[in-house]
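For reference, run_29.txt (compact mmCIF, C-alpha atoms and all ligand atoms):
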```txt
# COMPACT_ATOMS: atom_id res chain seq x y z
CA MET A 1 145.58 33.56 133.81
CA GLU A 2 142.16 34.52 135.19
CA ASP A 3 139.00 33.42 133.46
CA LEU A 4 136.92 36.59 133.42
CA THR A 5 133.71 37.18 131.46
CA LEU A 6 131.87 40.51 131.41
CA TYR A 7 128.20 40.43 130.41
CA GLN A 8 127.41 43.88 129.13
CA PHE A 9 125.59 46.31 126.83
CA GLU A 10 127.96 48.23 124.56
CA LEU A 11 126.37 51.56 125.50
CA CYS A 12 125.94 51.00 129.23
CA PRO A 13 127.98 53.46 131.33
CA TYR A 14 128.00 51.07 134.31
CA CYS A 15 129.59 48.44 132.03
CA HIS A 16 132.19 50.97 130.84
CA LYS A 17 132.98 51.64 134.49
CA VAL A 18 133.80 47.95 134.97
CA ARG A 19 135.79 47.86 131.71
CA ALA A 20 137.90 50.78 132.96
CA GLY A 21 138.54 48.85 136.19
CA LEU A 22 139.51 45.65 134.39
CA GLU A 23 141.91 47.50 132.09
CA LEU A 24 143.52 49.51 134.89
CA LYS A 25 144.15 46.27 136.77
CA GLY A 26 145.62 44.70 133.63
CA LEU A 27 143.07 41.88 133.59
CA ALA A 28 142.18 40.13 130.33
CA TYR A 29 138.47 39.41 129.95
CA ARG A 30 135.92 38.16 127.47
CA LYS A 31 132.93 40.37 126.62
CA VAL A 32 129.48 38.93 126.04
CA GLU A 33 127.02 41.40 124.53
CA VAL A 34 123.61 40.89 126.13
CA ASN A 35 120.47 41.40 124.07
CA PRO A 36 118.77 44.32 125.89
CA MET A 37 115.31 43.00 124.99
CA SER A 38 115.60 39.32 125.97
CA LYS A 39 118.73 39.36 128.18
CA LYS A 40 118.94 35.65 127.48
CA GLU A 41 122.76 35.64 127.43
CA LEU A 42 122.93 36.46 131.17
CA PRO A 43 124.22 33.62 133.37
CA PRO A 44 122.27 32.52 136.48
CA LEU A 45 122.47 35.52 138.84
CA PRO A 46 123.09 35.64 142.59
CA ALA A 47 119.83 35.50 144.61
CA GLY A 48 118.00 38.81 144.57
CA ALA A 49 120.14 40.40 141.84
CA PRO A 50 118.05 42.24 139.21
CA LYS A 51 118.37 41.14 135.58
CA LYS A 52 120.75 43.95 134.69
CA VAL A 53 124.24 44.39 133.31
CA PRO A 54 127.11 44.53 134.14
CA VAL A 55 127.63 41.02 135.48
CA LEU A 56 131.11 39.59 135.92
CA GLN A 57 132.01 35.93 136.10
CA SER A 58 135.38 35.14 137.60
CA GLY A 59 136.15 31.47 138.08
CA GLY A 60 133.19 30.21 140.12
CA ASP A 61 132.06 33.69 141.24
CA THR A 62 129.24 35.65 139.61
CA VAL A 63 129.09 39.29 140.68
CA ALA A 64 126.35 41.76 139.70
CA ASP A 65 126.40 45.58 139.99
CA SER A 66 129.28 47.81 138.88
CA THR A 67 130.12 49.02 142.40
CA ALA A 68 130.19 45.48 143.79
CA ILE A 69 132.28 44.33 140.80
CA LEU A 70 134.93 47.03 141.32
CA ALA A 71 135.09 46.18 145.04
CA PHE A 72 135.42 42.48 144.12
CA LEU A 73 138.24 43.23 141.66
CA ASP A 74 140.08 45.27 144.26
CA GLU A 75 139.82 42.48 146.80
CA LYS A 76 140.59 39.60 144.47
CA PHE A 77 143.28 41.29 142.38
CA PRO A 78 145.24 43.67 144.60
CA GLY A 79 148.29 45.02 142.86
CA LYS A 80 149.98 48.08 141.55
CA VAL A 81 146.62 49.78 140.94
CA ASP A 82 144.20 49.78 143.86
CA PHE A 83 140.89 51.58 143.71
CA ARG A 84 140.63 52.43 147.44
CA PRO A 85 143.25 55.03 148.45
CA ALA A 86 145.23 54.33 151.63
CA ASP A 87 144.21 57.70 153.10
CA GLU A 88 140.88 57.34 154.92
CA ALA A 89 139.44 60.75 153.97
CA ALA A 90 140.34 60.17 150.30
CA ARG A 91 138.76 56.71 150.46
CA LYS A 92 135.50 58.12 151.84
CA ARG A 93 135.46 60.89 149.24
CA ALA A 94 136.13 58.35 146.47
CA THR A 95 133.07 56.32 147.49
CA GLU A 96 130.93 59.49 147.59
CA ILE A 97 132.04 60.52 144.10
CA GLU A 98 131.50 56.99 142.74
CA GLU A 99 127.93 57.16 144.11
CA TRP A 100 127.45 60.57 142.49
CA VAL A 101 128.69 59.26 139.12
CA ASP A 102 126.24 56.33 139.41
CA SER A 103 123.24 58.35 140.51
CA GLU A 104 123.68 61.71 138.75
CA LEU A 105 126.05 61.69 135.77
CA ILE A 106 125.02 58.23 134.57
CA PHE A 107 121.36 59.28 134.69
CA ALA A 108 122.15 62.40 132.67
CA LEU A 109 124.13 60.57 129.95
CA PRO A 110 121.26 58.66 128.28
CA THR A 111 119.40 61.94 127.86
CA VAL A 112 122.13 63.15 125.48
CA ILE A 113 122.62 59.75 123.82
CA TYR A 114 118.93 59.04 123.17
CA GLY A 115 117.27 62.42 123.78
CA LYS A 116 116.65 63.27 120.13
CA TRP A 117 115.09 60.69 117.86
CA GLY A 118 118.05 60.74 115.42
CA GLU A 119 120.49 60.26 118.33
CA ALA A 120 118.44 57.34 119.67
CA VAL A 121 118.51 55.53 116.31
CA LYS A 122 122.29 56.08 115.99
CA ALA A 123 122.84 54.76 119.51
CA ALA A 124 120.72 51.65 118.89
CA GLN A 125 122.83 51.00 115.79
CA VAL A 126 126.00 51.02 117.90
CA THR A 127 124.43 48.32 120.10
CA ALA A 128 123.22 46.26 117.15
CA ARG A 129 126.61 46.50 115.37
CA SER A 130 128.56 45.29 118.40
CA SER A 131 126.29 42.29 118.87
CA ASN A 132 125.78 38.94 117.31
CA PHE A 133 122.08 38.49 117.92
CA GLY A 134 121.00 37.47 114.42
CA PHE A 135 119.05 39.51 111.87
CA LEU A 136 115.61 39.63 113.51
CA SER A 137 116.90 40.28 117.00
CA ASN A 138 119.17 43.00 115.66
CA LEU A 139 116.19 44.66 114.00
CA GLY A 140 114.30 44.38 117.30
CA VAL A 141 117.16 46.04 119.14
CA ARG A 142 117.40 48.84 116.59
CA VAL A 143 113.72 49.67 116.52
CA GLY A 144 112.62 48.59 120.01
CA GLY A 145 115.81 49.69 121.75
CA SER A 146 115.77 53.18 120.29
CA LEU A 147 112.04 53.63 121.03
CA ILE A 148 112.37 52.47 124.63
CA MET A 149 115.52 54.46 125.38
CA HIS A 150 114.07 57.58 123.75
CA GLN A 151 111.06 57.33 126.10
CA VAL A 152 113.28 56.54 129.11
CA SER A 153 115.41 59.64 128.39
CA LYS A 154 112.37 61.90 128.14
CA ARG A 155 111.06 60.56 131.46
CA LEU A 156 114.48 60.95 133.10
CA LEU A 157 114.67 64.61 132.16
CA GLN A 158 111.16 65.24 133.45
CA LYS A 159 111.74 63.35 136.69
CA ARG A 160 114.87 65.34 137.49
CA GLY A 161 113.20 68.64 136.56
CA LYS A 162 115.62 69.27 133.66
CA THR A 163 114.74 70.65 130.27
CA ASP A 164 118.09 70.63 128.45
CA ALA A 165 120.01 67.33 128.35
CA HIS A 166 123.32 68.83 127.13
CA GLN A 167 123.18 71.49 129.83
CA TRP A 168 122.53 68.84 132.51
CA VAL A 169 125.59 66.81 131.46
CA GLY A 170 127.59 70.06 131.25
CA GLU A 171 126.65 70.91 134.84
CA CYS A 172 127.78 67.45 135.98
CA VAL A 173 131.15 67.81 134.25
CA ASP A 174 131.59 71.34 135.67
CA GLN A 175 131.01 69.87 139.13
CA PHE A 176 133.64 67.20 138.52
CA GLU A 177 136.08 69.80 137.22
CA GLN A 178 135.62 71.82 140.38
CA TRP A 179 136.33 68.77 142.55
CA LEU A 180 139.34 67.91 140.40
CA GLY A 181 140.95 71.34 140.75
CA ASP A 182 144.62 71.03 139.87
CA ARG A 183 144.99 67.50 141.20
CA LYS A 184 146.17 64.59 139.12
CA PHE A 185 143.26 62.45 140.33
CA VAL A 186 139.96 63.63 141.75
CA THR A 187 140.60 62.53 145.35
CA GLY A 188 144.32 63.34 145.47
CA PRO A 189 147.64 62.03 144.20
CA GLU A 190 146.45 58.42 143.88
CA LEU A 191 143.94 56.99 141.44
CA SER A 192 140.71 55.92 143.12
CA VAL A 193 137.39 54.30 142.33
CA ALA A 194 136.04 57.83 141.68
CA ASP A 195 138.41 58.22 138.69
CA VAL A 196 137.55 54.71 137.47
CA ALA A 197 133.80 55.42 137.60
CA MET A 198 134.07 58.85 135.93
CA HIS A 199 136.48 57.69 133.24
CA GLY A 200 134.31 54.70 132.41
CA ALA A 201 131.14 56.78 132.22
CA LEU A 202 132.72 59.38 129.93
CA THR A 203 134.24 56.70 127.67
CA CYS A 204 130.70 55.55 126.98
CA VAL A 205 129.89 58.78 125.07
CA LYS A 206 133.13 58.87 123.05
CA GLY A 207 131.38 58.52 119.70
CA PHE A 208 128.81 61.25 120.42
CA PRO A 209 128.94 65.06 120.00
CA ILE A 210 128.70 65.63 123.79
CA TYR A 211 132.18 64.10 124.15
CA GLY A 212 133.70 67.02 122.23
CA ASP A 213 131.85 69.50 124.46
CA ILE A 214 133.11 67.75 127.59
CA MET A 215 136.72 67.70 126.39
CA ARG A 216 136.70 71.45 125.77
CA ARG A 217 137.47 71.78 129.51
CA PRO A 218 141.30 71.65 129.60
CA ARG A 219 141.63 70.22 133.12
CA VAL A 220 139.04 67.52 132.50
CA ALA A 221 140.69 66.65 129.16
CA ALA A 222 144.16 66.43 130.79
CA TRP A 223 142.80 64.22 133.59
CA PHE A 224 140.92 62.04 131.05
CA ASP A 225 144.04 61.59 128.89
CA GLY A 226 146.12 60.74 131.98
CA VAL A 227 143.76 57.96 133.06
CA GLN A 228 143.46 56.79 129.44
CA ALA A 229 147.24 56.47 129.23
CA MET A 230 147.20 54.35 132.41
CA ARG A 231 144.47 52.14 130.93
CA GLU A 232 146.51 51.65 127.76
CA ALA A 233 149.78 51.00 129.60
CA ASN A 234 148.17 48.46 131.94
CA ARG A 235 145.72 46.79 129.53
CA ALA A 236 146.31 43.07 129.15
CA SER A 237 147.38 42.28 125.60
N1 LIG B 301 123.39 49.70 140.00
C1 LIG B 301 123.67 48.94 138.80
C2 LIG B 301 122.86 49.55 137.66
C3 LIG B 301 122.95 48.68 136.41
C4 LIG B 301 121.94 49.12 135.35
O1 LIG B 301 121.01 49.93 135.60
N2 LIG B 301 122.10 48.57 134.15
C5 LIG B 301 121.20 48.85 133.07
C6 LIG B 301 121.98 49.15 131.78
S1 LIG B 301 122.84 50.68 131.85
C7 LIG B 301 120.37 47.61 132.76
O2 LIG B 301 120.88 46.50 132.74
N3 LIG B 301 119.11 47.80 132.45
C8 LIG B 301 118.27 46.73 131.99
C9 LIG B 301 116.93 46.76 132.63
O3 LIG B 301 116.72 47.53 133.58
O4 LIG B 301 116.08 46.00 132.18
C10 LIG B 301 125.16 48.95 138.54
O5 LIG B 301 125.88 49.81 139.07
O6 LIG B 301 125.66 48.04 137.85
```
Re-express the file's structure as structure tokens.
Amino acid sequence: MEDLTLYQFELCPYCHKVRAGLELKGLAYRKVEVNPMSKKELPPLPAGAPKKVPVLQSGGDTVADSTAILAFLDEKFPGKVDFRPADEAARKRATEIEEWVDSELIFALPTVIYGKWGEAVKAAQVTARSSNFGFLSNLGVRVGGSLIMHQVSKRLLQKRGKTDAHQWVGECVDQFEQWLGDRKFVTGPELSVADVAMHGALTCVKGFPIYGDIMRRPRVAAWFDGVQAMREANRAS
């Protein structure tokens, strides 16, 4: 049995991406919720790695960055689910879509989670509830976390020249739906890292109204349910 620990924030889409990967591979893991203000729970990181989550510890290895973690899992735990398709063109496309999820969709998501003040407070509560930081730290996360993320979201929208957060996320999901077409998985008949990244990112907004809007697209909903069923079937008990 592998000794895997994931250092994470409950509402971090990059962390959900790694969780999707761990479940699809059927790997049991322990979650450690990191205080977003102090980050004191993080283990010593590899040289040069920023103090960010997700971080995965596996035996003596510490791996930072969701993309590096999924590549590490694929290498260390090959098996019935591999994230890199055998077909070279599909493999290249999978990497491109993973990069797009990381640099476009995942930047759009916080703007719908924290964009309005009420949403930001609700989101900070999700983080505080899933943690064990103690009363004062929890209060800090609720107040400080929601304030910071609300500001970050406003800046993100401005920086990307967007005015409507829900519309931005909608455009991203429309793009994904177009790539998906009638395929089972976004790069073809096999699951790839692109599906893992997208499924993880969307799982992050499950408790929020945007999730309902996203799932109103029948092909996206069918794809999401298909990958969800695989996660549930493979998940380590
Ligand atoms: N490229 C990294 C990005 C990770 C990242 O930006 N994590 C955010 C949470 S969603 C973080 O830890 N932010 C804390 C900070 O910047 O202080 C990955 O794919 O894992």
d(CA of Leu73 (chain A), CA of Gly207 (chain A)) in Å: 27.6 Å
Within-12 Å shell of (142.9, 48.4, 132.6) in input frame, all atoms listed in the file, as an MDAnalysis selection string: chainID A and resid 16:29 70 73 80:83 196 199:200 227:237
Save out the residues we just selected, C-alpha atoms, as a CSV table (one decimal), in the frame of the given file.
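Just written: result39.csv:
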```csv
chain,number,residue,atom,x,y,z
A,16,HIS,CA,132.2,51.0,130.8
A,17,LYS,CA,133.0,51.6,134.5
A,18,VAL,CA,133.8,48.0,135.0
A,19,ARG,CA,135.8,47.9,131.7
A,20,ALA,CA,137.9,50.8,133.0
A,21,GLY,CA,138.5,48.8,136.2
A,22,LEU,CA,139.5,45.6,134.4
A,23,GLU,CA,141.9,47.5,132.1
A,24,LEU,CA,143.5,49.5,134.9
A,25,LYS,CA,144.2,46.3,136.8
A,26,GLY,CA,145.6,44.7,133.6
A,27,LEU,CA,143.1,41.9,133.6
A,28,ALA,CA,142.2,40.1,130.3
A,29,TYR,CA,138.5,39.4,130.0
A,70,LEU,CA,134.9,47.0,141.3
A,73,LEU,CA,138.2,43.2,141.7
A,80,LYS,CA,150.0,48.1,141.6
A,81,VAL,CA,146.6,49.8,140.9
A,82,ASP,CA,144.2,49.8,143.9
A,83,PHE,CA,140.9,51.6,143.7
A,196,VAL,CA,137.6,54.7,137.5
A,199,HIS,CA,136.5,57.7,133.2
A,200,GLY,CA,134.3,54.7,132.4
A,227,VAL,CA,143.8,58.0,133.1
A,228,GLN,CA,143.5,56.8,129.4
A,229,ALA,CA,147.2,56.5,129.2
A,230,MET,CA,147.2,54.4,132.4
A,231,ARG,CA,144.5,52.1,130.9
A,232,GLU,CA,146.5,51.6,127.8
A,233,ALA,CA,149.8,51.0,129.6
A,234,ASN,CA,148.2,48.5,131.9
A,235,ARG,CA,145.7,46.8,129.5
A,236,ALA,CA,146.3,43.1,129.2
A,237,SER,CA,147.4,42.3,125.6
```
Please provide as an mmCIF file with C-alpha atoms, keeping the file's coordinate frame all residues within 10 Å of Trp223 (chain A), with the sequence filter that same-chain residues fewer than 2 positions apart are discarded (counting all atoms listed in the file).
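selection-v8.cif was written with the following content:
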```cif
data_model
loop_
_atom_site.group_PDB
_atom_site.id
_atom_site.type_symbol
_atom_site.label_atom_id
_atom_site.label_comp_id
_atom_site.auth_asym_id
_atom_site.auth_seq_id
_atom_site.Cartn_x
_atom_site.Cartn_y
_atom_site.Cartn_z
ATOM 1 C CA GLU A 177 136.080 69.800 137.220
ATOM 2 C CA LEU A 180 139.340 67.910 140.400
ATOM 3 C CA ASP A 182 144.620 71.030 139.870
ATOM 4 C CA ARG A 183 144.990 67.500 141.200
ATOM 5 C CA LYS A 184 146.170 64.590 139.120
ATOM 6 C CA PHE A 185 143.260 62.450 140.330
ATOM 7 C CA VAL A 186 139.960 63.630 141.750
ATOM 8 C CA ASP A 195 138.410 58.220 138.690
ATOM 9 C CA HIS A 199 136.480 57.690 133.240
ATOM 10 C CA PRO A 218 141.300 71.650 129.600
ATOM 11 C CA ARG A 219 141.630 70.220 133.120
ATOM 12 C CA VAL A 220 139.040 67.520 132.500
ATOM 13 C CA ALA A 221 140.690 66.650 129.160
ATOM 14 C CA ASP A 225 144.040 61.590 128.890
ATOM 15 C CA GLY A 226 146.120 60.740 131.980
ATOM 16 C CA VAL A 227 143.760 57.960 133.060
ATOM 17 C CA GLN A 228 143.460 56.790 129.440
ATOM 18 C CA ALA A 229 147.240 56.470 129.230
#
```
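For the set A:Thr5, A:Ser58, A:Ser66, A:Gln175, the residue with the smallest atom-to-atom gap to ligand LIG 301 (chain B) is A:Ser66, counting only C-alpha atoms and all ligand atoms.
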All residues having an atom within 6 Å of ligand LIG 301 (chain B) (only C-alpha atoms and all ligand atoms) as a PyMOL selection string: chain A and resi 12-14+52-54+65-67
Compile a residue-level contact table for region 146-196 of chain A against region 120-129 of chain A at a cut-off of 10 Å, reporting for every qualifying residue the shortest atom pair and its distance in Å to one decimal, with all atoms listed in the file counted, rows ordered by chain and ascending number, as a Markdown table.
```
| residue | atom | partner | partner_atom | distance |
| --- | --- | --- | --- | --- |
| A:Ser146 | CA | A:Ala120 | CA | 5.0 |
| A:Leu147 | CA | A:Ala120 | CA | 7.5 |
| A:Ile148 | CA | A:Ala120 | CA | 9.2 |
| A:Met149 | CA | A:Ala120 | CA | 7.0 |
| A:His150 | CA | A:Ala120 | CA | 6.0 |
| A:Gln151 | CA | A:Ala120 | CA | 9.8 |
| A:Ser153 | CA | A:Ala120 | CA | 9.5 |
```
Hey, could you pull the box centre and edge lengths for region 170-180 of chain A, axis-aligned, 4 Å padding per side, all listed atoms, to one decimal in Å, as lines of an AutoDock Vina configuration file?
```
center_x = 133.0
center_y = 69.5
center_z = 136.9
size_x = 20.7
size_y = 12.6
size_z = 19.3
```
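Note that CA of Val112 (chain A) and CA of Thr163 (chain A) are 11.6 Å apart.
Closest approach to Ser38 (chain A) among A:Asp174, A:Gly144, A:Val205, A:Asp102: A:Gly144, based on only C-alpha atoms.
Distance annotation: of A:Gly170, A:Leu4, A:Trp117, A:Ala64, the residue with the minimal separation from Ala47 (chain A) is A:Ala64; atom set is only C-alpha atoms.
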File for region 133-172 of chain A (C-alpha atoms), as an mmCIF file, in the first residue's frame:
```
data_model
loop_
_atom_site.group_PDB
_atom_site.id
_atom_site.type_symbol
_atom_site.label_atom_id
_atom_site.label_comp_id
_atom_site.auth_asym_id
_atom_site.auth_seq_id
_atom_site.Cartn_x
_atom_site.Cartn_y
_atom_site.Cartn_z
ATOM 1 C CA PHE A 133 -6.846 25.272 11.986
ATOM 2 C CA GLY A 134 -8.309 26.290 15.339
ATOM 3 C CA PHE A 135 -10.774 29.086 16.083
ATOM 4 C CA LEU A 136 -8.615 32.158 15.461
ATOM 5 C CA SER A 137 -6.987 30.821 12.316
ATOM 6 C CA ASN A 138 -10.387 29.795 10.991
ATOM 7 C CA LEU A 139 -11.662 33.315 11.551
ATOM 8 C CA GLY A 140 -8.569 34.638 9.757
ATOM 9 C CA VAL A 141 -9.241 32.357 6.806
ATOM 10 C CA ARG A 142 -12.894 33.374 6.643
ATOM 11 C CA VAL A 143 -12.311 37.096 6.773
ATOM 12 C CA GLY A 144 -8.817 37.385 5.250
ATOM 13 C CA GLY A 145 -9.308 34.613 2.701
ATOM 14 C CA SER A 146 -12.548 36.014 1.341
ATOM 15 C CA LEU A 147 -11.138 39.567 1.175
ATOM 16 C CA ILE A 148 -7.970 38.479 -0.625
ATOM 17 C CA MET A 149 -9.714 36.164 -3.083
ATOM 18 C CA HIS A 150 -12.387 38.771 -3.820
ATOM 19 C CA GLN A 151 -9.627 41.238 -4.775
ATOM 20 C CA VAL A 152 -7.716 38.584 -6.736
ATOM 21 C CA SER A 153 -10.872 37.756 -8.735
ATOM 22 C CA LYS A 154 -11.524 41.396 -9.578
ATOM 23 C CA ARG A 155 -7.927 41.801 -10.770
ATOM 24 C CA LEU A 156 -8.108 38.578 -12.798
ATOM 25 C CA LEU A 157 -11.165 39.775 -14.685
ATOM 26 C CA GLN A 158 -9.545 43.137 -15.406
ATOM 27 C CA LYS A 159 -6.253 41.598 -16.490
ATOM 28 C CA ARG A 160 -7.956 39.289 -18.976
ATOM 29 C CA GLY A 161 -10.178 42.088 -20.289
ATOM 30 C CA LYS A 162 -13.382 40.361 -19.105
ATOM 31 C CA THR A 163 -16.365 42.008 -17.513
ATOM 32 C CA ASP A 164 -18.692 39.079 -16.813
ATOM 33 C CA ALA A 165 -17.269 36.148 -14.814
ATOM 34 C CA HIS A 166 -20.129 33.715 -15.567
ATOM 35 C CA GLN A 167 -19.890 34.491 -19.276
ATOM 36 C CA TRP A 168 -16.110 33.887 -19.225
ATOM 37 C CA VAL A 169 -16.519 30.446 -17.637
ATOM 38 C CA GLY A 170 -19.381 29.731 -20.079
ATOM 39 C CA GLU A 171 -17.100 30.531 -23.020
ATOM 40 C CA CYS A 172 -14.451 28.148 -21.655
#
```
